[in-house]
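Coordinates from start_10.pdb are shown below (PDB, C-alpha atoms).
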```
MODEL        1
ATOM      1  CA  ALA A   1       4.488  -2.823  18.999
ATOM      2  CA  MET A   2       6.611   0.308  18.755
ATOM      3  CA  GLU A   3       5.500   3.068  21.115
ATOM      4  CA  ARG A   4       5.966   6.729  20.268
ATOM      5  CA  PRO A   5       7.392   9.093  22.924
ATOM      6  CA  PHE A   6       4.954  11.519  24.567
ATOM      7  CA  TRP A   7       6.451  14.524  22.770
ATOM      8  CA  SER A   8       6.123  13.038  19.292
ATOM      9  CA  GLY A   9       2.681  14.521  18.694
ATOM     10  CA  ALA A  10       3.908  18.056  19.331
ATOM     11  CA  LEU A  11       7.009  17.477  17.204
ATOM     12  CA  ILE A  12       4.937  16.113  14.346
ATOM     13  CA  GLY A  13       2.646  19.136  14.508
ATOM     14  CA  GLY A  14       5.567  21.567  14.525
ATOM     15  CA  VAL A  15       7.444  20.016  11.606
ATOM     16  CA  VAL A  16       4.279  19.577   9.568
ATOM     17  CA  ALA A  17       3.255  23.201  10.153
ATOM     18  CA  VAL A  18       6.685  24.595   9.198
ATOM     19  CA  GLY A  19       6.995  22.406   6.112
ATOM     20  CA  ALA A  20       3.499  23.242   4.941
ATOM     21  CA  ALA A  21       4.080  26.963   5.473
ATOM     22  CA  CYS A  22       7.334  26.916   3.452
ATOM     23  CA  LEU A  23       5.528  25.412   0.470
ATOM     24  CA  GLN A  24       2.342  27.407   1.062
ATOM     25  CA  LEU A  25       0.353  24.257   1.761
ATOM     26  CA  PRO A  26      -2.600  23.961   4.137
ATOM     27  CA  VAL A  27      -1.482  22.552   7.509
ATOM     28  CA  PRO A  28      -2.558  18.872   7.422
ATOM     29  CA  TRP A  29      -3.623  18.414  11.021
ATOM     30  CA  PRO A  30      -4.397  14.739  11.720
ATOM     31  CA  TYR A  31      -7.982  13.548  11.729
ATOM     32  CA  PRO A  32      -9.368  13.061  15.248
ATOM     33  CA  ASP A  33      -9.975   9.380  14.480
ATOM     34  CA  ARG A  34      -8.324   7.785  11.440
ATOM     35  CA  LEU A  35     -10.534   4.711  11.831
ATOM     36  CA  ALA A  36     -13.727   6.748  11.506
ATOM     37  CA  VAL A  37     -15.406   7.121   8.112
ATOM     38  CA  ILE A  38     -13.843  10.156   6.429
ATOM     39  CA  ALA A  39     -15.858  12.033   3.836
ATOM     40  CA  GLU A  40     -14.037  12.075   0.490
ATOM     41  CA  GLU A  41     -14.592  15.804   0.150
ATOM     42  CA  ALA A  42     -12.878  16.315   3.517
ATOM     43  CA  SER A  43      -9.579  14.841   2.275
ATOM     44  CA  ARG A  44      -7.006  16.196  -0.130
ATOM     45  CA  ILE A  45      -6.097  13.133  -2.143
ATOM     46  CA  ASN A  46      -6.450  12.419  -5.840
ATOM     47  CA  ASN A  47      -7.170   8.715  -6.213
ATOM     48  CA  GLU A  48      -7.734   9.007  -9.966
ATOM     49  CA  GLU A  49      -5.343  11.285 -11.898
ATOM     50  CA  PRO A  50      -2.037   9.659 -10.829
ATOM     51  CA  TYR A  51      -3.306   6.328 -12.167
ATOM     52  CA  ASP A  52      -5.508   7.394 -15.095
ATOM     53  CA  ALA A  53      -3.343   6.251 -18.016
ATOM     54  CA  THR A  54      -1.998   2.806 -18.835
ATOM     55  CA  GLU A  55       1.476   4.148 -19.588
ATOM     56  CA  LYS A  56       1.793   5.568 -16.051
ATOM     57  CA  TRP A  57       2.026   1.990 -14.771
ATOM     58  CA  ALA A  58       4.898   1.026 -17.064
ATOM     59  CA  ARG A  59       8.402   0.758 -15.618
ATOM     60  CA  ASN A  60       9.265   4.153 -17.115
ATOM     61  CA  GLY A  61       5.985   5.779 -16.063
ATOM     62  CA  SER A  62       5.045   7.917 -13.083
ATOM     63  CA  GLN A  63       4.664   4.771 -10.930
ATOM     64  CA  ALA A  64       8.307   3.782 -11.500
ATOM     65  CA  GLY A  65       8.958   3.718  -7.758
ATOM     66  CA  LEU A  66       6.487   0.866  -7.330
ATOM     67  CA  HIS A  67       8.509  -1.235  -9.757
ATOM     68  CA  LEU A  68      11.638  -0.681  -7.647
ATOM     69  CA  LEU A  69      10.021  -1.703  -4.360
ATOM     70  CA  ASN A  70       7.984  -4.570  -5.796
ATOM     71  CA  PRO A  71      10.601  -7.375  -5.617
ATOM     72  CA  THR A  72      11.156  -6.835  -1.883
ATOM     73  CA  ARG A  73       7.487  -6.690  -0.958
ATOM     74  CA  VAL A  74       6.522  -9.656  -3.149
ATOM     75  CA  ALA A  75       9.285 -11.740  -1.564
ATOM     76  CA  PHE A  76       8.033 -10.731   1.898
ATOM     77  CA  PHE A  77       4.407 -11.528   1.028
ATOM     78  CA  ASN A  78       5.363 -14.878  -0.505
ATOM     79  CA  ASP A  79       7.402 -15.871   2.562
ATOM     80  CA  LYS A  80       4.554 -14.998   4.936
ATOM     81  CA  ILE A  81       1.963 -16.802   2.831
ATOM     82  CA  ARG A  82       4.082 -19.957   2.593
ATOM     83  CA  GLY A  83       4.918 -19.846   6.285
ATOM     84  CA  THR A  84       1.302 -19.462   7.405
ATOM     85  CA  ILE A  85      -0.998 -21.471   5.136
ATOM     86  CA  GLU A  86      -0.826 -24.633   3.062
ATOM     87  CA  SER A  87      -0.798 -24.609  -0.717
ATOM     88  CA  PRO A  88      -2.449 -24.271  -3.141
ATOM     89  CA  PHE A  89      -2.774 -20.527  -2.652
ATOM     90  CA  HIS A  90      -5.913 -18.672  -3.702
ATOM     91  CA  VAL A  91      -5.184 -14.964  -3.522
ATOM     92  CA  LEU A  92      -7.207 -11.760  -3.688
ATOM     93  CA  ASP A  93      -5.268  -8.553  -4.363
ATOM     94  CA  MET A  94      -7.430  -5.728  -2.982
ATOM     95  CA  GLY A  95      -6.636  -2.415  -4.642
ATOM     96  CA  CYS A  96      -4.347  -4.142  -7.115
ATOM     97  CA  GLY A  97      -3.634  -1.051  -9.218
ATOM     98  CA  GLY A  98      -1.507  -2.069 -12.193
ATOM     99  CA  GLY A  99      -1.249  -5.646 -10.932
ATOM    100  CA  LEU A 100       2.424  -5.497  -9.977
ATOM    101  CA  VAL A 101       1.993  -7.796  -6.969
ATOM    102  CA  SER A 102      -0.549 -10.141  -8.572
ATOM    103  CA  ASN A 103       1.463 -10.728 -11.721
ATOM    104  CA  ALA A 104       4.681 -11.273  -9.764
ATOM    105  CA  LEU A 105       3.059 -13.818  -7.440
ATOM    106  CA  ALA A 106       1.637 -15.648 -10.451
ATOM    107  CA  GLY A 107       5.164 -16.562 -11.510
ATOM    108  CA  LEU A 108       5.883 -18.343  -8.217
ATOM    109  CA  PRO A 109       5.063 -21.997  -7.394
ATOM    110  CA  ASN A 110       1.787 -23.173  -5.843
ATOM    111  CA  TYR A 111      -0.375 -20.143  -6.655
ATOM    112  CA  ALA A 112      -3.565 -21.705  -7.971
ATOM    113  CA  SER A 113      -5.654 -18.575  -8.559
ATOM    114  CA  ILE A 114      -5.176 -14.828  -8.222
ATOM    115  CA  ASP A 115      -7.892 -12.194  -8.497
ATOM    116  CA  GLY A 116      -7.291  -8.457  -8.432
ATOM    117  CA  VAL A 117      -9.807  -5.664  -7.903
ATOM    118  CA  ASP A 118      -9.437  -1.917  -8.327
ATOM    119  CA  LEU A 119     -11.514   1.100  -9.368
ATOM    120  CA  SER A 120      -9.039   2.432 -11.953
ATOM    121  CA  ALA A 121      -9.836   1.197 -15.471
ATOM    122  CA  PRO A 122      -6.421   2.218 -16.914
ATOM    123  CA  ALA A 123      -4.616   0.439 -14.066
ATOM    124  CA  LEU A 124      -6.664  -2.699 -14.641
ATOM    125  CA  SER A 125      -5.969  -2.480 -18.361
ATOM    126  CA  TYR A 126      -2.210  -2.458 -17.705
ATOM    127  CA  ALA A 127      -2.543  -5.326 -15.214
ATOM    128  CA  SER A 128      -4.479  -7.452 -17.698
ATOM    129  CA  MET A 129      -2.055  -6.662 -20.515
ATOM    130  CA  VAL A 130       0.877  -7.906 -18.441
ATOM    131  CA  ALA A 131      -1.072 -10.965 -17.241
ATOM    132  CA  GLU A 132      -1.795 -11.985 -20.841
ATOM    133  CA  GLN A 133       1.937 -12.079 -21.534
ATOM    134  CA  LEU A 134       2.759 -14.380 -18.624
ATOM    135  CA  PRO A 135       4.185 -17.720 -19.812
ATOM    136  CA  GLY A 136       2.006 -20.063 -17.757
ATOM    137  CA  GLU A 137      -0.864 -20.470 -15.330
ATOM    138  CA  PRO A 138      -2.384 -19.011 -13.309
ATOM    139  CA  ARG A 139      -3.034 -15.820 -15.202
ATOM    140  CA  PRO A 140      -4.422 -13.325 -12.689
ATOM    141  CA  ARG A 141      -7.962 -12.118 -13.329
ATOM    142  CA  PHE A 142      -8.705  -8.436 -12.826
ATOM    143  CA  GLN A 143     -11.998  -6.628 -12.429
ATOM    144  CA  ASN A 144     -13.388  -3.248 -11.466
ATOM    145  CA  ALA A 145     -14.803  -3.388  -7.944
ATOM    146  CA  SER A 146     -14.905  -1.444  -4.697
ATOM    147  CA  LEU A 147     -12.950  -2.664  -1.688
ATOM    148  CA  TYR A 148     -15.959  -1.770   0.446
ATOM    149  CA  THR A 149     -18.291  -4.213  -1.376
ATOM    150  CA  LEU A 150     -16.241  -7.063  -2.804
ATOM    151  CA  PRO A 151     -18.069  -9.177  -5.425
ATOM    152  CA  PHE A 152     -16.993 -12.482  -3.871
ATOM    153  CA  LYS A 153     -18.571 -15.011  -1.521
ATOM    154  CA  ASP A 154     -17.416 -15.595   2.038
ATOM    155  CA  GLY A 155     -14.272 -17.656   2.589
ATOM    156  CA  VAL A 156     -13.173 -17.879  -1.050
ATOM    157  CA  TYR A 157      -9.471 -17.083  -0.498
ATOM    158  CA  ASN A 158      -6.736 -18.237   1.835
ATOM    159  CA  ALA A 159      -4.612 -15.113   1.248
ATOM    160  CA  VAL A 160      -5.508 -11.454   0.767
ATOM    161  CA  VAL A 161      -3.094  -8.710  -0.293
ATOM    162  CA  MET A 162      -3.600  -5.023   0.556
ATOM    163  CA  SER A 163      -0.515  -3.388  -0.923
ATOM    164  CA  ASP A 164      -0.075   0.368  -1.194
ATOM    165  CA  VAL A 165      -3.817   0.923  -0.735
ATOM    166  CA  LEU A 166      -4.651   1.396   2.959
ATOM    167  CA  GLU A 167      -3.370   4.985   2.843
ATOM    168  CA  HIS A 168      -5.929   5.768   0.124
ATOM    169  CA  LEU A 169      -9.009   4.531   1.990
ATOM    170  CA  HIS A 170     -11.717   6.694   3.530
ATOM    171  CA  ASP A 171     -13.311   3.772   5.413
ATOM    172  CA  VAL A 172     -10.533   1.503   6.644
ATOM    173  CA  PRO A 173     -12.667  -0.677   8.980
ATOM    174  CA  ARG A 174     -15.125  -1.501   6.193
ATOM    175  CA  ALA A 175     -12.351  -2.593   3.816
ATOM    176  CA  LEU A 176     -10.696  -4.681   6.530
ATOM    177  CA  SER A 177     -14.034  -6.313   7.331
ATOM    178  CA  GLU A 178     -14.427  -7.237   3.665
ATOM    179  CA  ALA A 179     -10.934  -8.731   3.638
ATOM    180  CA  TYR A 180     -11.838 -10.766   6.718
ATOM    181  CA  ARG A 181     -15.115 -11.910   5.157
ATOM    182  CA  VAL A 182     -13.605 -13.317   1.960
ATOM    183  CA  LEU A 183     -10.780 -15.099   3.811
ATOM    184  CA  ARG A 184     -11.082 -18.683   4.946
ATOM    185  CA  PRO A 185     -10.472 -19.402   8.640
ATOM    186  CA  GLY A 186      -6.714 -19.563   9.123
ATOM    187  CA  GLY A 187      -6.140 -17.356   6.072
ATOM    188  CA  ILE A 188      -3.581 -14.567   5.985
ATOM    189  CA  LEU A 189      -3.746 -10.871   5.145
ATOM    190  CA  VAL A 190      -0.471  -9.298   3.967
ATOM    191  CA  PHE A 191      -0.050  -5.554   3.537
ATOM    192  CA  ASP A 192       2.267  -2.616   3.160
ATOM    193  CA  THR A 193       1.391   1.012   3.786
ATOM    194  CA  ILE A 194       2.814   4.395   4.840
ATOM    195  CA  ASP A 195       3.238   5.467   8.451
ATOM    196  CA  ARG A 196       1.970   8.891   9.583
ATOM    197  CA  SER A 197       4.945  10.644  11.140
ATOM    198  CA  VAL A 198       7.394  13.509  10.794
ATOM    199  CA  ALA A 199       9.534  11.327   8.538
ATOM    200  CA  THR A 200       6.702  10.522   6.152
ATOM    201  CA  TYR A 201       5.591  14.140   5.866
ATOM    202  CA  ILE A 202       9.141  15.141   4.951
ATOM    203  CA  VAL A 203       9.858  12.209   2.612
ATOM    204  CA  ALA A 204       6.489  11.215   1.117
ATOM    205  CA  ILE A 205       4.789  14.619   0.885
ATOM    206  CA  LEU A 206       7.295  17.494   0.918
ATOM    207  CA  GLY A 207      10.070  15.564  -0.824
ATOM    208  CA  ALA A 208       8.350  13.104  -3.154
ATOM    209  CA  GLU A 209       5.448  15.306  -4.261
ATOM    210  CA  TYR A 210       6.534  18.940  -3.917
ATOM    211  CA  ILE A 211      10.328  19.193  -4.037
ATOM    212  CA  VAL A 212      11.628  16.345  -6.181
ATOM    213  CA  GLY A 213       8.364  15.410  -7.876
ATOM    214  CA  ILE A 214       8.875  11.646  -7.860
ATOM    215  CA  ILE A 215       5.084  11.255  -7.785
ATOM    216  CA  ASN A 216       2.200  13.552  -8.728
ATOM    217  CA  LYS A 217       1.091  16.238  -6.304
ATOM    218  CA  GLY A 218      -2.025  15.089  -4.508
ATOM    219  CA  SER A 219      -1.158  11.401  -4.800
ATOM    220  CA  HIS A 220      -1.357  11.199  -1.011
ATOM    221  CA  ASP A 221      -2.969  13.016   1.893
ATOM    222  CA  TRP A 222      -0.675  12.759   4.918
ATOM    223  CA  ARG A 223      -3.722  12.729   7.208
ATOM    224  CA  LEU A 224      -4.856   9.451   5.597
ATOM    225  CA  PHE A 225      -1.611   7.658   6.429
ATOM    226  CA  LEU A 226      -2.065   5.001   9.113
ATOM    227  CA  ARG A 227       0.102   4.604  12.180
ATOM    228  CA  PRO A 228       0.773   0.952  13.054
ATOM    229  CA  ASP A 229      -1.216   1.208  16.291
ATOM    230  CA  GLU A 230      -4.233   2.470  14.340
ATOM    231  CA  LEU A 231      -3.994  -0.334  11.805
ATOM    232  CA  GLY A 232      -3.593  -2.832  14.638
ATOM    233  CA  ARG A 233      -6.820  -1.603  16.235
ATOM    234  CA  GLY A 234      -8.612  -1.733  12.895
ATOM    235  CA  LEU A 235      -7.481  -5.293  12.265
ATOM    236  CA  GLU A 236      -8.488  -6.380  15.751
ATOM    237  CA  GLY A 237     -11.881  -4.765  15.278
ATOM    238  CA  ALA A 238     -12.389  -6.709  12.052
ATOM    239  CA  GLY A 239     -11.543  -9.973  13.828
ATOM    240  CA  PHE A 240      -7.905 -10.526  12.845
ATOM    241  CA  LYS A 241      -5.161 -11.699  15.212
ATOM    242  CA  ASP A 242      -1.350 -11.997  15.189
ATOM    243  CA  PHE A 243      -0.777  -8.531  13.694
ATOM    244  CA  ALA A 244       2.950  -7.968  13.100
ATOM    245  CA  TYR A 245       4.973  -5.561  10.982
ATOM    246  CA  GLU A 246       8.482  -4.445   9.984
ATOM    247  CA  GLY A 247       9.895  -1.243   8.590
ATOM    248  CA  PHE A 248       9.870  -1.097   4.763
ATOM    249  CA  GLN A 249      12.458   1.443   3.687
ATOM    250  CA  PRO A 250      13.844   2.763   0.397
ATOM    251  CA  SER A 251      17.601   2.617   0.025
ATOM    252  CA  VAL A 252      19.538   5.844  -0.443
ATOM    253  CA  ARG A 253      20.362   4.620  -3.929
ATOM    254  CA  ALA A 254      16.682   4.117  -4.774
ATOM    255  CA  LEU A 255      15.807   7.645  -3.629
ATOM    256  CA  ALA A 256      18.718   9.129  -5.584
ATOM    257  CA  GLU A 257      17.817   7.191  -8.729
ATOM    258  CA  LEU A 258      14.137   8.113  -8.525
ATOM    259  CA  SER A 259      15.087  11.762  -8.071
ATOM    260  CA  ALA A 260      17.348  11.632 -11.148
ATOM    261  CA  PHE A 261      14.599   9.794 -13.065
ATOM    262  CA  SER A 262      12.024  12.458 -12.173
ATOM    263  CA  TYR A 263      14.324  15.145 -13.630
ATOM    264  CA  GLY A 264      14.915  13.137 -16.819
ATOM    265  CA  LEU A 265      18.541  12.430 -15.944
ATOM    266  CA  LEU A 266      18.271   8.642 -15.660
ATOM    267  CA  ALA A 267      16.386   6.018 -17.632
ATOM    268  CA  ALA A 268      14.062   3.713 -15.716
ATOM    269  CA  GLU A 269      15.926   0.704 -17.088
ATOM    270  CA  SER A 270      19.112   1.938 -15.394
ATOM    271  CA  MET A 271      17.612   2.069 -11.903
ATOM    272  CA  SER A 272      18.616  -0.769  -9.589
ATOM    273  CA  GLY A 273      18.089   0.611  -6.088
ATOM    274  CA  GLY A 274      15.587  -1.210  -3.953
ATOM    275  CA  TRP A 275      13.748  -1.324  -0.651
ATOM    276  CA  GLY A 276      14.748  -3.173   2.491
ATOM    277  CA  ILE A 277      13.032  -4.768   5.489
ATOM    278  CA  GLU A 278      14.252  -3.563   8.876
ATOM    279  CA  PRO A 279      13.064  -3.254  12.482
ATOM    280  CA  PRO A 280      10.349  -0.630  13.067
ATOM    281  CA  SER A 281      11.539   2.824  14.106
ATOM    282  CA  PRO A 282      10.218   6.412  14.373
ATOM    283  CA  LEU A 283      12.085   7.148  11.131
ATOM    284  CA  MET A 284      10.461   4.461   9.017
ATOM    285  CA  VAL A 285       8.530   5.703   6.012
ATOM    286  CA  SER A 286       6.550   2.575   5.216
ATOM    287  CA  TYR A 287       5.862  -0.663   7.011
ATOM    288  CA  ILE A 288       4.973  -4.134   5.833
ATOM    289  CA  GLY A 289       3.351  -6.993   7.706
ATOM    290  CA  HIS A 290       0.550  -9.482   8.118
ATOM    291  CA  ALA A 291      -2.404 -10.600  10.221
ATOM    292  CA  VAL A 292      -4.328 -13.868  10.408
ATOM    293  CA  LYS A 293      -8.012 -14.798  10.470
ATOM    294  CA  PRO A 294      -8.545 -17.174  13.419
ATOM    295  CA  ARG A 295      -9.513 -20.755  12.655
TER     296      ARG A 295
ENDMDL
END
```

Just give me the structure of the file as structure tokens.
Amino acid sequence: AMERPFWSGALIGGVVAVGAACLQLPVPWPYPDRLAVIAEEASRINNEEPYDATEKWARNGSQAGLHLLNPTRVAFFNDKIRGTIESPFHVLDMGCGGGLVSNALAGLPNYASIDGVDLSAPALSYASMVAEQLPGEPRPRFQNASLYTLPFKDGVYNAVVMSDVLEHLHDVPRALSEAYRVLRPGGILVFDTIDRSVATYIVAILGAEYIVGIINKGSHDWRLFLRPDELGRGLEGAGFKDFAYEGFQPSVRALAELSAFSYGLLAAESMSGGWGIEPPSPLMVSYIGHAVKPR
């Protein structure tokens, strides 16, 4: 795993403090323990408003960036699933949002069933609408449920997806334990999430939310981002093994197009920039990877 230099904590604190002061934001000092249960009222994240309308999940909606990164992450997830377990694949998409991952996987061979759960009714409505238009089977099934108390029996799935959701959770260990519980022995968990670093404060908070406005203000709380070492400890605590990850980075073109889109200068249909997989580094914004439930 990538190790951070000893001075990185001080550098992170300095950059975060300066950036927050320039935009008159409260200084987001990291939580003492990201794997502890964090009271919702103690965080500054809006897990409802950015996702509270069906149209926000459309390609030309406020979640347009997710449509750009989706092909790369789905291809990564599919490769890991096929390389780790035998078909047919029975998948649970935890925190599925608008169903971008679920509905994309459904169009690939050997996926026998896909379930998605989320707490956002508008997001689930968009996911179901897209699923109904898919040409064949399986059509993913979506339902309203909490990641902390999944409405499924033990060992139902051989693959679990946690995409773009870990950074929204106030009780990471509980959600990971639920993922472990519903997986069969030998099953795989695939994920992508945002690192907590200087780079992510600059790009994901200052840039994306407050300067360019690619996403709504309050969509994220930098303190809730997970460093890879923290996620690794959480996965190990839940019982997983073989944790591995790569950097998951937007291209310069994708950032430029999303910026132009946010200012109304470019139509969503004209955007073609994407995300790439690369070795982990201190400058990575997001990371993508997997872990396995022992047999």

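Shortest atom-to-atom contact with A:Ala127 among A:Tyr111, A:Val101, A:Leu147, A:Val37: A:Val101, counting only C-alpha atoms.
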
> Which is closest to A:Ala112 among A:Asp242, A:Asp93, A:Glu132, A:Glu137, if we use only C-alpha atoms?
Replying inline: A:Glu137

>> Around the point (0.3, -6.7, 16.0) (coordinates from the file), which residues reach within 12 Å if we count all atoms listed in the file? Answer as a list of chain:residue names.
In response: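 Selection result: A:Ala1, A:Met2, A:Arg227, A:Pro228, A:Asp229, A:Glu230, A:Leu231, A:Gly232, A:Arg233, A:Gly234, A:Leu235, A:Glu236, A:Phe240, A:Lys241, A:Asp242, A:Phe243, A:Ala244, A:Tyr245, A:Glu246, A:Ile288, A:Gly289, A:His290, A:Ala291, A:Val292.
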
> Near A:Ser43, counting all atoms listed in the file, which residues have an atom at most 12 Å away, once you skip same-chain residues fewer than 6 positions from it, shown as a PyMOL selection string?
Replying inline: chain A and resi 26+28-31+34+37+167-170+218-225

> Which value, in Å to one decimal, gives the distance between atom CA of A:Phe142 and atom CA of A:Val117?
Replying inline: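 Calculated distance between atom CA of A:Phe142 and atom CA of A:Val117 is 5.8 Å.
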